[in-house]
$ cat start.csv   # CSV, N, CA and C atoms
chain,number,residue,atom,x,y,z
A,21,MET,N,-115.1,28.5,-94.4
A,21,MET,CA,-114.5,27.5,-93.6
A,21,MET,C,-114.5,26.1,-94.3
A,22,ILE,N,-113.5,25.4,-94.2
A,22,ILE,CA,-113.4,24.1,-94.8
A,22,ILE,C,-113.9,23.0,-93.8
A,23,SER,N,-114.8,22.2,-94.3
A,23,SER,CA,-115.3,21.1,-93.5
A,23,SER,C,-114.5,19.9,-93.5
A,24,THR,N,-114.4,19.3,-92.3
A,24,THR,CA,-113.6,18.0,-92.3
A,24,THR,C,-114.5,16.8,-92.1
A,25,THR,N,-115.8,17.0,-92.1
A,25,THR,CA,-116.6,15.8,-91.8
A,25,THR,C,-116.7,14.9,-93.0
A,26,ALA,N,-116.5,15.4,-94.2
A,26,ALA,CA,-116.6,14.5,-95.4
A,26,ALA,C,-115.3,13.7,-95.6
A,27,SER,N,-114.2,14.1,-94.9
A,27,SER,CA,-112.9,13.5,-95.2
A,27,SER,C,-112.4,12.7,-94.0
A,28,GLN,N,-113.2,12.1,-93.2
A,28,GLN,CA,-112.8,11.5,-92.0
A,28,GLN,C,-111.9,10.3,-92.3
A,29,ASN,N,-112.0,9.6,-93.5
A,29,ASN,CA,-111.2,8.5,-93.8
A,29,ASN,C,-110.0,9.0,-94.6
A,30,SER,N,-109.9,10.2,-95.0
A,30,SER,CA,-108.8,10.8,-95.8
A,30,SER,C,-107.5,10.8,-94.9
A,31,SER,N,-106.4,10.7,-95.6
A,31,SER,CA,-105.1,10.8,-94.9
A,31,SER,C,-104.9,12.2,-94.4
A,32,ALA,N,-105.6,13.2,-95.0
A,32,ALA,CA,-105.4,14.6,-94.5
A,32,ALA,C,-106.2,14.9,-93.3
A,33,TYR,N,-107.1,14.0,-92.9
A,33,TYR,CA,-107.9,14.3,-91.7
A,33,TYR,C,-107.1,14.4,-90.4
A,34,LEU,N,-107.5,15.4,-89.6
A,34,LEU,CA,-106.8,15.7,-88.4
A,34,LEU,C,-106.8,14.5,-87.4
A,35,ILE,N,-105.7,14.1,-87.0
A,35,ILE,CA,-105.5,13.1,-86.0
A,35,ILE,C,-105.3,13.7,-84.6
A,36,ASN,N,-105.9,13.2,-83.6
A,36,ASN,CA,-105.7,13.8,-82.3
A,36,ASN,C,-104.3,13.7,-81.8
A,37,PRO,N,-103.6,14.9,-81.8
A,37,PRO,CA,-102.2,15.0,-81.4
A,37,PRO,C,-101.9,14.6,-80.0
A,38,LEU,N,-102.9,14.5,-79.2
A,38,LEU,CA,-102.7,14.1,-77.8
A,38,LEU,C,-102.5,12.6,-77.6
A,39,LYS,N,-102.9,11.8,-78.6
A,39,LYS,CA,-102.7,10.4,-78.6
A,39,LYS,C,-101.4,10.1,-79.3
A,40,SER,N,-100.3,9.9,-78.6
A,40,SER,CA,-99.0,9.8,-79.1
A,40,SER,C,-98.8,8.8,-80.2
A,41,ASP,N,-99.5,7.6,-80.1
A,41,ASP,CA,-99.3,6.6,-81.1
A,41,ASP,C,-99.9,7.0,-82.4
A,42,GLN,N,-101.0,7.7,-82.4
A,42,GLN,CA,-101.6,8.2,-83.6
A,42,GLN,C,-100.7,9.3,-84.2
A,43,TYR,N,-100.1,10.1,-83.4
A,43,TYR,CA,-99.3,11.3,-83.8
A,43,TYR,C,-98.0,10.7,-84.5
A,44,LYS,N,-97.4,9.7,-84.0
A,44,LYS,CA,-96.2,9.1,-84.6
A,44,LYS,C,-96.5,8.5,-85.9
A,45,ARG,N,-97.7,7.9,-86.1
A,45,ARG,CA,-98.0,7.3,-87.4
A,45,ARG,C,-98.4,8.3,-88.4
A,46,MET,N,-98.7,9.5,-88.0
A,46,MET,CA,-99.2,10.5,-89.0
A,46,MET,C,-98.1,10.9,-89.9
A,47,SER,N,-96.8,11.0,-89.5
A,47,SER,CA,-95.8,11.5,-90.4
A,47,SER,C,-94.4,11.1,-89.7
A,48,THR,N,-93.5,10.9,-90.6
A,48,THR,CA,-92.1,10.6,-90.1
A,48,THR,C,-91.4,11.9,-89.8
A,49,MET,N,-91.9,13.0,-90.3
A,49,MET,CA,-91.4,14.4,-90.0
A,49,MET,C,-92.0,14.9,-88.7
A,50,HIS,N,-91.4,15.9,-88.2
A,50,HIS,CA,-92.0,16.6,-87.0
A,50,HIS,C,-93.3,17.3,-87.5
A,51,GLU,N,-94.4,16.8,-87.3
A,51,GLU,CA,-95.7,17.4,-87.9
A,51,GLU,C,-96.4,18.3,-86.9
A,52,LEU,N,-96.6,19.5,-87.3
A,52,LEU,CA,-97.3,20.5,-86.4
A,52,LEU,C,-98.6,21.0,-87.0
A,53,ARG,N,-99.1,20.3,-88.0
A,53,ARG,CA,-100.3,20.8,-88.7
A,53,ARG,C,-101.5,20.4,-87.8
A,54,PHE,N,-102.5,21.3,-87.6
A,54,PHE,CA,-103.6,21.0,-86.8
A,54,PHE,C,-104.9,21.2,-87.6
A,55,LYS,N,-104.8,21.5,-88.9
A,55,LYS,CA,-105.9,21.6,-89.8
A,55,LYS,C,-105.6,20.8,-91.1
A,56,PRO,N,-106.7,20.1,-91.6
A,56,PRO,CA,-106.4,19.3,-92.8
A,56,PRO,C,-106.0,20.2,-94.0
A,57,ARG,N,-105.2,19.7,-94.9
A,57,ARG,CA,-104.7,20.4,-96.1
A,57,ARG,C,-105.4,19.8,-97.3
A,58,PHE,N,-105.7,20.7,-98.2
A,58,PHE,CA,-106.3,20.3,-99.5
A,58,PHE,C,-105.5,20.8,-100.6
A,59,ALA,N,-105.2,19.9,-101.5
A,59,ALA,CA,-104.3,20.2,-102.7
A,59,ALA,C,-105.1,21.2,-103.6
A,60,MET,N,-104.5,22.3,-103.9
A,60,MET,CA,-105.1,23.3,-104.8
A,60,MET,C,-104.0,24.1,-105.4
A,61,THR,N,-104.2,24.4,-106.7
A,61,THR,CA,-103.2,25.1,-107.5
A,61,THR,C,-103.8,26.4,-108.0
A,62,MET,N,-103.3,27.6,-107.6
A,62,MET,CA,-103.8,28.8,-108.1
A,62,MET,C,-102.7,29.9,-107.9
A,63,ASP,N,-102.6,30.9,-108.7
A,63,ASP,CA,-101.6,31.9,-108.6
A,63,ASP,C,-102.0,32.9,-107.5
A,64,VAL,N,-101.0,33.2,-106.7
A,64,VAL,CA,-101.2,34.2,-105.6
A,64,VAL,C,-100.1,35.2,-105.6
A,65,LYS,N,-100.6,36.5,-105.7
A,65,LYS,CA,-99.6,37.6,-105.7
A,65,LYS,C,-99.4,38.0,-104.3
A,66,ILE,N,-98.1,37.9,-103.8
A,66,ILE,CA,-97.8,38.4,-102.5
A,66,ILE,C,-97.0,39.6,-102.5
A,67,SER,N,-97.1,40.4,-101.5
A,67,SER,CA,-96.4,41.7,-101.4
A,67,SER,C,-95.8,41.9,-100.0
A,68,THR,N,-94.6,42.4,-100.0
A,68,THR,CA,-93.9,42.9,-98.7
A,68,THR,C,-93.4,44.3,-99.0
A,69,PRO,N,-93.3,45.1,-97.9
A,69,PRO,CA,-92.8,46.5,-98.1
A,69,PRO,C,-91.4,46.5,-98.7
A,70,LEU,N,-90.5,45.6,-98.3
A,70,LEU,CA,-89.1,45.7,-98.7
A,70,LEU,C,-88.9,45.0,-100.0
A,71,GLU,N,-89.6,43.9,-100.3
A,71,GLU,CA,-89.3,43.1,-101.5
A,71,GLU,C,-90.3,43.3,-102.7
A,72,GLY,N,-91.4,44.0,-102.4
A,72,GLY,CA,-92.4,44.3,-103.5
A,72,GLY,C,-93.3,43.1,-103.8
A,73,ASP,N,-93.8,43.1,-105.0
A,73,ASP,CA,-94.7,42.1,-105.4
A,73,ASP,C,-94.1,40.9,-106.2
A,74,ARG,N,-94.6,39.7,-106.1
A,74,ARG,CA,-94.2,38.6,-106.8
A,74,ARG,C,-95.4,37.6,-106.8
A,75,VAL,N,-95.4,36.7,-107.8
A,75,VAL,CA,-96.5,35.7,-107.9
A,75,VAL,C,-95.9,34.3,-107.6
A,76,LEU,N,-96.6,33.7,-106.7
A,76,LEU,CA,-96.2,32.3,-106.3
A,76,LEU,C,-97.5,31.4,-106.6
A,77,VAL,N,-97.3,30.1,-106.5
A,77,VAL,CA,-98.4,29.2,-106.8
A,77,VAL,C,-98.7,28.4,-105.5
A,78,THR,N,-100.0,28.2,-105.2
A,78,THR,CA,-100.3,27.4,-104.0
A,78,THR,C,-100.1,25.9,-104.3
A,79,LYS,N,-99.7,25.2,-103.3
A,79,LYS,CA,-99.5,23.7,-103.4
A,79,LYS,C,-100.7,23.1,-102.6
A,80,ASN,N,-101.0,23.7,-101.5
A,80,ASN,CA,-102.1,23.2,-100.7
A,80,ASN,C,-102.6,24.4,-99.8
A,81,ILE,N,-103.8,24.2,-99.3
A,81,ILE,CA,-104.5,25.3,-98.5
A,81,ILE,C,-105.3,24.7,-97.4
A,82,SER,N,-105.5,25.4,-96.3
A,82,SER,CA,-106.3,25.0,-95.2
A,82,SER,C,-107.0,26.2,-94.6
A,83,ASP,N,-107.7,26.0,-93.5
A,83,ASP,CA,-108.4,27.1,-92.8
A,83,ASP,C,-107.4,28.0,-92.2
A,84,SER,N,-106.2,27.5,-91.9
A,84,SER,CA,-105.2,28.3,-91.2
A,84,SER,C,-104.0,28.9,-92.1
A,85,GLY,N,-103.9,28.4,-93.3
A,85,GLY,CA,-102.8,28.9,-94.1
A,85,GLY,C,-102.7,28.2,-95.4
A,86,MET,N,-101.5,28.3,-96.1
A,86,MET,CA,-101.3,27.7,-97.3
A,86,MET,C,-99.8,27.5,-97.5
A,87,PHE,N,-99.4,26.6,-98.5
A,87,PHE,CA,-98.0,26.4,-98.9
A,87,PHE,C,-97.9,27.0,-100.3
A,88,LEU,N,-97.0,27.9,-100.5
A,88,LEU,CA,-96.7,28.5,-101.7
A,88,LEU,C,-95.4,28.1,-102.3
A,89,VAL,N,-95.4,27.8,-103.6
A,89,VAL,CA,-94.1,27.4,-104.3
A,89,VAL,C,-93.7,28.4,-105.3
A,90,GLY,N,-92.4,28.4,-105.5
A,90,GLY,CA,-91.9,29.3,-106.5
A,90,GLY,C,-90.3,29.3,-106.5
A,91,ASP,N,-89.7,30.0,-107.4
A,91,ASP,CA,-88.3,30.1,-107.5
A,91,ASP,C,-87.7,30.6,-106.1
A,92,SER,N,-86.6,30.1,-105.7
A,92,SER,CA,-86.1,30.4,-104.4
A,92,SER,C,-85.8,31.9,-104.2
A,93,HIS,N,-85.4,32.6,-105.3
A,93,HIS,CA,-85.2,34.0,-105.2
A,93,HIS,C,-86.5,34.9,-105.0
A,94,LEU,N,-87.6,34.2,-105.2
A,94,LEU,CA,-88.9,34.9,-105.0
A,94,LEU,C,-89.5,34.7,-103.6
A,95,LEU,N,-89.0,33.8,-102.9
A,95,LEU,CA,-89.6,33.4,-101.6
A,95,LEU,C,-89.3,34.4,-100.5
A,96,PRO,N,-90.3,34.8,-99.7
A,96,PRO,CA,-90.0,35.7,-98.6
A,96,PRO,C,-89.3,35.0,-97.5
A,97,GLU,N,-88.7,35.8,-96.6
A,97,GLU,CA,-87.9,35.2,-95.5
A,97,GLU,C,-88.8,34.7,-94.3
A,98,LEU,N,-88.3,33.8,-93.5
A,98,LEU,CA,-89.0,33.3,-92.4
A,98,LEU,C,-89.4,34.5,-91.5
A,99,GLY,N,-90.6,34.5,-91.0
A,99,GLY,CA,-91.1,35.5,-90.2
A,99,GLY,C,-91.7,36.8,-90.9
A,100,ALA,N,-91.5,36.8,-92.2
A,100,ALA,CA,-92.0,38.0,-93.0
A,100,ALA,C,-93.5,38.0,-92.9
A,101,ILE,N,-94.1,39.2,-92.8
A,101,ILE,CA,-95.5,39.4,-92.9
A,101,ILE,C,-95.8,39.9,-94.4
A,102,VAL,N,-96.7,39.2,-95.0
A,102,VAL,CA,-97.0,39.4,-96.4
A,102,VAL,C,-98.5,39.7,-96.7
A,103,ASP,N,-98.8,40.5,-97.6
A,103,ASP,CA,-100.2,40.7,-98.1
A,103,ASP,C,-100.3,39.8,-99.3
A,104,GLY,N,-101.6,39.4,-99.7
A,104,GLY,CA,-101.7,38.5,-100.8
A,104,GLY,C,-103.1,38.8,-101.5
A,105,GLU,N,-103.1,38.3,-102.8
A,105,GLU,CA,-104.3,38.3,-103.6
A,105,GLU,C,-104.3,37.1,-104.5
A,106,ILE,N,-105.5,36.5,-104.6
A,106,ILE,CA,-105.7,35.3,-105.5
A,106,ILE,C,-105.9,36.0,-106.9
A,107,GLN,N,-105.1,35.5,-107.9
A,107,GLN,CA,-105.1,36.1,-109.2
A,107,GLN,C,-106.0,35.4,-110.2
A,108,GLU,N,-106.4,34.2,-110.0
A,108,GLU,CA,-107.0,33.4,-111.1
A,108,GLU,C,-108.6,33.5,-111.2
A,109,LEU,N,-109.2,34.4,-110.4
A,109,LEU,CA,-110.6,34.6,-110.5
A,109,LEU,C,-111.0,35.7,-111.4
A,110,ILE,N,-112.3,35.9,-111.6
A,110,ILE,CA,-112.7,37.1,-112.5
A,110,ILE,C,-112.2,38.4,-111.9
A,111,GLU,N,-112.2,38.5,-110.6
A,111,GLU,CA,-111.6,39.7,-109.9
A,111,GLU,C,-110.5,39.2,-109.0
A,112,THR,N,-109.5,40.0,-108.7
A,112,THR,CA,-108.5,39.6,-107.7
A,112,THR,C,-109.2,39.6,-106.3
A,113,VAL,N,-108.9,38.6,-105.5
A,113,VAL,CA,-109.5,38.5,-104.2
A,113,VAL,C,-108.4,38.7,-103.1
A,114,PRO,N,-108.6,39.7,-102.2
A,114,PRO,CA,-107.6,39.8,-101.2
A,114,PRO,C,-107.6,38.6,-100.2
A,115,ILE,N,-106.5,38.3,-99.7
A,115,ILE,CA,-106.3,37.3,-98.7
A,115,ILE,C,-105.9,38.0,-97.4
A,116,PRO,N,-106.3,37.4,-96.2
A,116,PRO,CA,-105.8,38.1,-95.0
A,116,PRO,C,-104.3,38.1,-94.9
A,117,LYS,N,-103.8,39.0,-94.1
A,117,LYS,CA,-102.3,39.1,-93.9
A,117,LYS,C,-101.8,37.7,-93.6
A,118,MET,N,-100.6,37.4,-94.0
A,118,MET,CA,-100.0,36.1,-93.7
A,118,MET,C,-98.6,36.3,-93.1
A,119,LYS,N,-98.2,35.3,-92.3
A,119,LYS,CA,-96.9,35.2,-91.8
A,119,LYS,C,-96.2,34.0,-92.3
A,120,VAL,N,-94.9,34.1,-92.7
A,120,VAL,CA,-94.1,33.0,-93.2
A,120,VAL,C,-93.7,32.2,-91.9
A,121,VAL,N,-94.1,31.0,-91.8
A,121,VAL,CA,-93.8,30.2,-90.7
A,121,VAL,C,-92.8,29.0,-90.9
A,122,ARG,N,-92.6,28.7,-92.2
A,122,ARG,CA,-91.6,27.7,-92.6
A,122,ARG,C,-91.1,28.0,-94.0
A,123,VAL,N,-89.8,27.8,-94.2
A,123,VAL,CA,-89.2,28.0,-95.5
A,123,VAL,C,-88.5,26.8,-95.9
A,124,GLU,N,-88.8,26.3,-97.1
A,124,GLU,CA,-88.2,25.1,-97.7
A,124,GLU,C,-87.6,25.5,-99.0
A,125,PRO,N,-86.7,24.7,-99.6
A,125,PRO,CA,-86.1,25.1,-100.9
A,125,PRO,C,-87.1,25.4,-102.0
A,126,GLN,N,-88.2,24.6,-102.0
A,126,GLN,CA,-89.2,24.8,-103.1
A,126,GLN,C,-90.3,25.8,-102.7
A,127,GLY,N,-90.5,26.2,-101.5
A,127,GLY,CA,-91.6,27.1,-101.2
A,127,GLY,C,-91.6,27.5,-99.7
A,128,VAL,N,-92.7,28.2,-99.3
A,128,VAL,CA,-92.9,28.7,-98.0
A,128,VAL,C,-94.3,28.3,-97.5
A,129,ALA,N,-94.4,28.0,-96.2
A,129,ALA,CA,-95.7,27.8,-95.5
A,129,ALA,C,-96.0,29.2,-94.9
A,130,VAL,N,-97.3,29.6,-95.1
A,130,VAL,CA,-97.7,30.9,-94.5
A,130,VAL,C,-99.0,30.6,-93.7
A,131,GLU,N,-99.1,31.3,-92.6
A,131,GLU,CA,-100.2,31.2,-91.7
A,131,GLU,C,-101.0,32.5,-91.8
A,132,PHE,N,-102.4,32.4,-92.0
A,132,PHE,CA,-103.2,33.6,-92.0
A,132,PHE,C,-103.2,34.2,-90.6
A,133,ILE,N,-103.1,35.5,-90.5
A,133,ILE,CA,-103.1,36.2,-89.2
A,133,ILE,C,-104.2,37.2,-89.2
A,134,ALA,N,-104.7,37.5,-88.1
A,134,ALA,CA,-105.8,38.5,-87.9
A,134,ALA,C,-105.2,39.9,-88.2
A,135,SER,N,-106.1,40.7,-88.9
A,135,SER,CA,-105.7,42.1,-89.2
A,135,SER,C,-105.7,42.9,-87.9
A,136,SER,N,-104.8,43.8,-87.8
A,136,SER,CA,-104.8,44.6,-86.5
A,136,SER,C,-105.4,45.9,-86.8
$ encode --input "start.csv" --output "structure tokens"
Amino acid sequence: MISTTASQNSSAYLINPLKSDQYKRMSTMHELRFKPRFAMTMDVKISTPLEGDRVLVTKNISDSGMFLVGDSHLLPELGAIVDGEIQELIETVPIPKMKVVRVEPQGVAVEFIASS
């Protein structure tokens, strides 16, 4: 679990979304993040039954998910459920199943989901 106590003054620190004036200052985009993000770059192999395996790179990660970047032809579709493995450690490390919750030209946001 990622701790937020050390980053209270950080711009990534969670702002109470119930206070509308804080929420408006947080971003000019429609912001739905509820966990702080931490910049991190590592290779992640993702797999889907229809599209097979491909390697993307993390841009940031949080307790609830990560943003993965790669060539547009490698990106899974919105709503896709993917399996993943971190590739850059001594051993590959499985990641919980993930769901694609946002697609942008340069990458996808995935949310960790509970295994069934």
$ residues_around --input "start.csv" --residues "Phe132 (chain A)" --least-positions-apart "6" --cutoff "8 Å" --atoms "all atoms listed in the file" --output "PyMOL selection string"
chain A and resi 83-86+115-120
$ residues_around --input "start.csv" --residues "Asn80 (chain A)" --least-positions-apart "4" --cutoff "7 Å" --atoms "only N, CA and C atoms" --output "PyMOL selection string"
chain A and resi 57-61+85-88
$ atom_distance --input "start.csv" --atom1 "CA of Ala129 (chain A)" --atom2 "CA of Leu76 (chain A)"
11.7 Å
$ atom_distance --input "start.csv" --atom1 "CA of Asp63 (chain A)" --atom2 "CA of Arg122 (chain A)"
19.3 Å
$ axis_aligned_box --input "start.csv" --around "region 110-129 of chain A" --padding-each-side "3 Å" --output "lines of an AutoDock Vina configuration file"
center_x = -99.4
center_y = 32.3
center_z = -101.6
size_x = 32.6
size_y = 21.4
size_z = 27.8
$ atom_distance --input "start.csv" --atom1 "atom C of Ala100 (chain A)" --atom2 "atom N of Gly127 (chain A)"
14.9 Å
$ residues_near_point --input "start.csv" --point "(-93.5, 30.0, -109.0)" --cutoff "6.5 Å" --atoms "only N, CA and C atoms" --output "number ranges by chain"
A: 75-77, 89-91
$ residues_near_point --input "start.csv" --point "(-108.6, 38.1, -101.8)" --cutoff "10 Å" --atoms "only C-alpha atoms" --output "list in words"
Val64, Lys65, Asp103, Gly104, Glu105, Ile106, Gln107, Leu109, Glu111, Thr112, Val113, Pro114, Ile115 and Pro116 of chain A
$ write_last_selection --input "start.csv" --atoms "N, CA and C atoms" --output "PDB file, in the frame of the given file"
ATOM      1  N   VAL A  64    -101.000  33.200-106.700  1.00  0.00           N
ATOM      2  CA  VAL A  64    -101.200  34.200-105.600  1.00  0.00           C
ATOM      3  C   VAL A  64    -100.100  35.200-105.600  1.00  0.00           C
ATOM      4  N   LYS A  65    -100.600  36.500-105.700  1.00  0.00           N
ATOM      5  CA  LYS A  65     -99.600  37.600-105.700  1.00  0.00           C
ATOM      6  C   LYS A  65     -99.400  38.000-104.300  1.00  0.00           C
ATOM      7  N   ASP A 103     -98.800  40.500 -97.600  1.00  0.00           N
ATOM      8  CA  ASP A 103    -100.200  40.700 -98.100  1.00  0.00           C
ATOM      9  C   ASP A 103    -100.300  39.800 -99.300  1.00  0.00           C
ATOM     10  N   GLY A 104    -101.600  39.400 -99.700  1.00  0.00           N
ATOM     11  CA  GLY A 104    -101.700  38.500-100.800  1.00  0.00           C
ATOM     12  C   GLY A 104    -103.100  38.800-101.500  1.00  0.00           C
ATOM     13  N   GLU A 105    -103.100  38.300-102.800  1.00  0.00           N
ATOM     14  CA  GLU A 105    -104.300  38.300-103.600  1.00  0.00           C
ATOM     15  C   GLU A 105    -104.300  37.100-104.500  1.00  0.00           C
ATOM     16  N   ILE A 106    -105.500  36.500-104.600  1.00  0.00           N
ATOM     17  CA  ILE A 106    -105.700  35.300-105.500  1.00  0.00           C
ATOM     18  C   ILE A 106    -105.900  36.000-106.900  1.00  0.00           C
ATOM     19  N   GLN A 107    -105.100  35.500-107.900  1.00  0.00           N
ATOM     20  CA  GLN A 107    -105.100  36.100-109.200  1.00  0.00           C
ATOM     21  C   GLN A 107    -106.000  35.400-110.200  1.00  0.00           C
ATOM     22  N   LEU A 109    -109.200  34.400-110.400  1.00  0.00           N
ATOM     23  CA  LEU A 109    -110.600  34.600-110.500  1.00  0.00           C
ATOM     24  C   LEU A 109    -111.000  35.700-111.400  1.00  0.00           C
ATOM     25  N   GLU A 111    -112.200  38.500-110.600  1.00  0.00           N
ATOM     26  CA  GLU A 111    -111.600  39.700-109.900  1.00  0.00           C
ATOM     27  C   GLU A 111    -110.500  39.200-109.000  1.00  0.00           C
ATOM     28  N   THR A 112    -109.500  40.000-108.700  1.00  0.00           N
ATOM     29  CA  THR A 112    -108.500  39.600-107.700  1.00  0.00           C
ATOM     30  C   THR A 112    -109.200  39.600-106.300  1.00  0.00           C
ATOM     31  N   VAL A 113    -108.900  38.600-105.500  1.00  0.00           N
ATOM     32  CA  VAL A 113    -109.500  38.500-104.200  1.00  0.00           C
ATOM     33  C   VAL A 113    -108.400  38.700-103.100  1.00  0.00           C
ATOM     34  N   PRO A 114    -108.600  39.700-102.200  1.00  0.00           N
ATOM     35  CA  PRO A 114    -107.600  39.800-101.200  1.00  0.00           C
ATOM     36  C   PRO A 114    -107.600  38.600-100.200  1.00  0.00           C
ATOM     37  N   ILE A 115    -106.500  38.300 -99.700  1.00  0.00           N
ATOM     38  CA  ILE A 115    -106.300  37.300 -98.700  1.00  0.00           C
ATOM     39  C   ILE A 115    -105.900  38.000 -97.400  1.00  0.00           C
ATOM     40  N   PRO A 116    -106.300  37.400 -96.200  1.00  0.00           N
ATOM     41  CA  PRO A 116    -105.800  38.100 -95.000  1.00  0.00           C
ATOM     42  C   PRO A 116    -104.300  38.100 -94.900  1.00  0.00           C
TER      43      PRO A 116
END
$ select_by_dssp --input "start.csv" --residues "region 73-103 of chain A" --states "strand (DSSP E)" --output "JSON, numbers by chain"
{"A": [73, 74, 75, 76, 77, 78, 79, 80, 81, 85, 86, 87, 88, 89, 101, 102, 103]}
$ write_last_selection --input "start.csv" --atoms "N, CA and C atoms" --output "PDB file, in the frame of the given file"
ATOM      1  N   ASP A  73     -93.800  43.100-105.000  1.00  0.00           N
ATOM      2  CA  ASP A  73     -94.700  42.100-105.400  1.00  0.00           C
ATOM      3  C   ASP A  73     -94.100  40.900-106.200  1.00  0.00           C
ATOM      4  N   ARG A  74     -94.600  39.700-106.100  1.00  0.00           N
ATOM      5  CA  ARG A  74     -94.200  38.600-106.800  1.00  0.00           C
ATOM      6  C   ARG A  74     -95.400  37.600-106.800  1.00  0.00           C
ATOM      7  N   VAL A  75     -95.400  36.700-107.800  1.00  0.00           N
ATOM      8  CA  VAL A  75     -96.500  35.700-107.900  1.00  0.00           C
ATOM      9  C   VAL A  75     -95.900  34.300-107.600  1.00  0.00           C
ATOM     10  N   LEU A  76     -96.600  33.700-106.700  1.00  0.00           N
ATOM     11  CA  LEU A  76     -96.200  32.300-106.300  1.00  0.00           C
ATOM     12  C   LEU A  76     -97.500  31.400-106.600  1.00  0.00           C
ATOM     13  N   VAL A  77     -97.300  30.100-106.500  1.00  0.00           N
ATOM     14  CA  VAL A  77     -98.400  29.200-106.800  1.00  0.00           C
ATOM     15  C   VAL A  77     -98.700  28.400-105.500  1.00  0.00           C
ATOM     16  N   THR A  78    -100.000  28.200-105.200  1.00  0.00           N
ATOM     17  CA  THR A  78    -100.300  27.400-104.000  1.00  0.00           C
ATOM     18  C   THR A  78    -100.100  25.900-104.300  1.00  0.00           C
ATOM     19  N   LYS A  79     -99.700  25.200-103.300  1.00  0.00           N
ATOM     20  CA  LYS A  79     -99.500  23.700-103.400  1.00  0.00           C
ATOM     21  C   LYS A  79    -100.700  23.100-102.600  1.00  0.00           C
ATOM     22  N   ASN A  80    -101.000  23.700-101.500  1.00  0.00           N
ATOM     23  CA  ASN A  80    -102.100  23.200-100.700  1.00  0.00           C
ATOM     24  C   ASN A  80    -102.600  24.400 -99.800  1.00  0.00           C
ATOM     25  N   ILE A  81    -103.800  24.200 -99.300  1.00  0.00           N
ATOM     26  CA  ILE A  81    -104.500  25.300 -98.500  1.00  0.00           C
ATOM     27  C   ILE A  81    -105.300  24.700 -97.400  1.00  0.00           C
ATOM     28  N   GLY A  85    -103.900  28.400 -93.300  1.00  0.00           N
ATOM     29  CA  GLY A  85    -102.800  28.900 -94.100  1.00  0.00           C
ATOM     30  C   GLY A  85    -102.700  28.200 -95.400  1.00  0.00           C
ATOM     31  N   MET A  86    -101.500  28.300 -96.100  1.00  0.00           N
ATOM     32  CA  MET A  86    -101.300  27.700 -97.300  1.00  0.00           C
ATOM     33  C   MET A  86     -99.800  27.500 -97.500  1.00  0.00           C
ATOM     34  N   PHE A  87     -99.400  26.600 -98.500  1.00  0.00           N
ATOM     35  CA  PHE A  87     -98.000  26.400 -98.900  1.00  0.00           C
ATOM     36  C   PHE A  87     -97.900  27.000-100.300  1.00  0.00           C
ATOM     37  N   LEU A  88     -97.000  27.900-100.500  1.00  0.00           N
ATOM     38  CA  LEU A  88     -96.700  28.500-101.700  1.00  0.00           C
ATOM     39  C   LEU A  88     -95.400  28.100-102.300  1.00  0.00           C
ATOM     40  N   VAL A  89     -95.400  27.800-103.600  1.00  0.00           N
ATOM     41  CA  VAL A  89     -94.100  27.400-104.300  1.00  0.00           C
ATOM     42  C   VAL A  89     -93.700  28.400-105.300  1.00  0.00           C
ATOM     43  N   ILE A 101     -94.100  39.200 -92.800  1.00  0.00           N
ATOM     44  CA  ILE A 101     -95.500  39.400 -92.900  1.00  0.00           C
ATOM     45  C   ILE A 101     -95.800  39.900 -94.400  1.00  0.00           C
ATOM     46  N   VAL A 102     -96.700  39.200 -95.000  1.00  0.00           N
ATOM     47  CA  VAL A 102     -97.000  39.400 -96.400  1.00  0.00           C
ATOM     48  C   VAL A 102     -98.500  39.700 -96.700  1.00  0.00           C
ATOM     49  N   ASP A 103     -98.800  40.500 -97.600  1.00  0.00           N
ATOM     50  CA  ASP A 103    -100.200  40.700 -98.100  1.00  0.00           C
ATOM     51  C   ASP A 103    -100.300  39.800 -99.300  1.00  0.00           C
TER      52      ASP A 103
END
$ closest_residue --input "start.csv" --among "A:Pro69, A:Ser92, A:Met62, A:Ile81" --to "Gln126 (chain A)" --atoms "all atoms listed in the file"
A:Ser92
$ closest_residue --input "start.csv" --among "A:Ser82, A:Glu71, A:Ala134, A:Ile110" --to "Pro96 (chain A)" --atoms "only C-alpha atoms"
A:Glu71
$ closest_residue --input "start.csv" --among "A:Ile133, A:Glu97, A:Val102, A:Val128" --to "Ser67 (chain A)" --atoms "only C-alpha atoms"
A:Val102
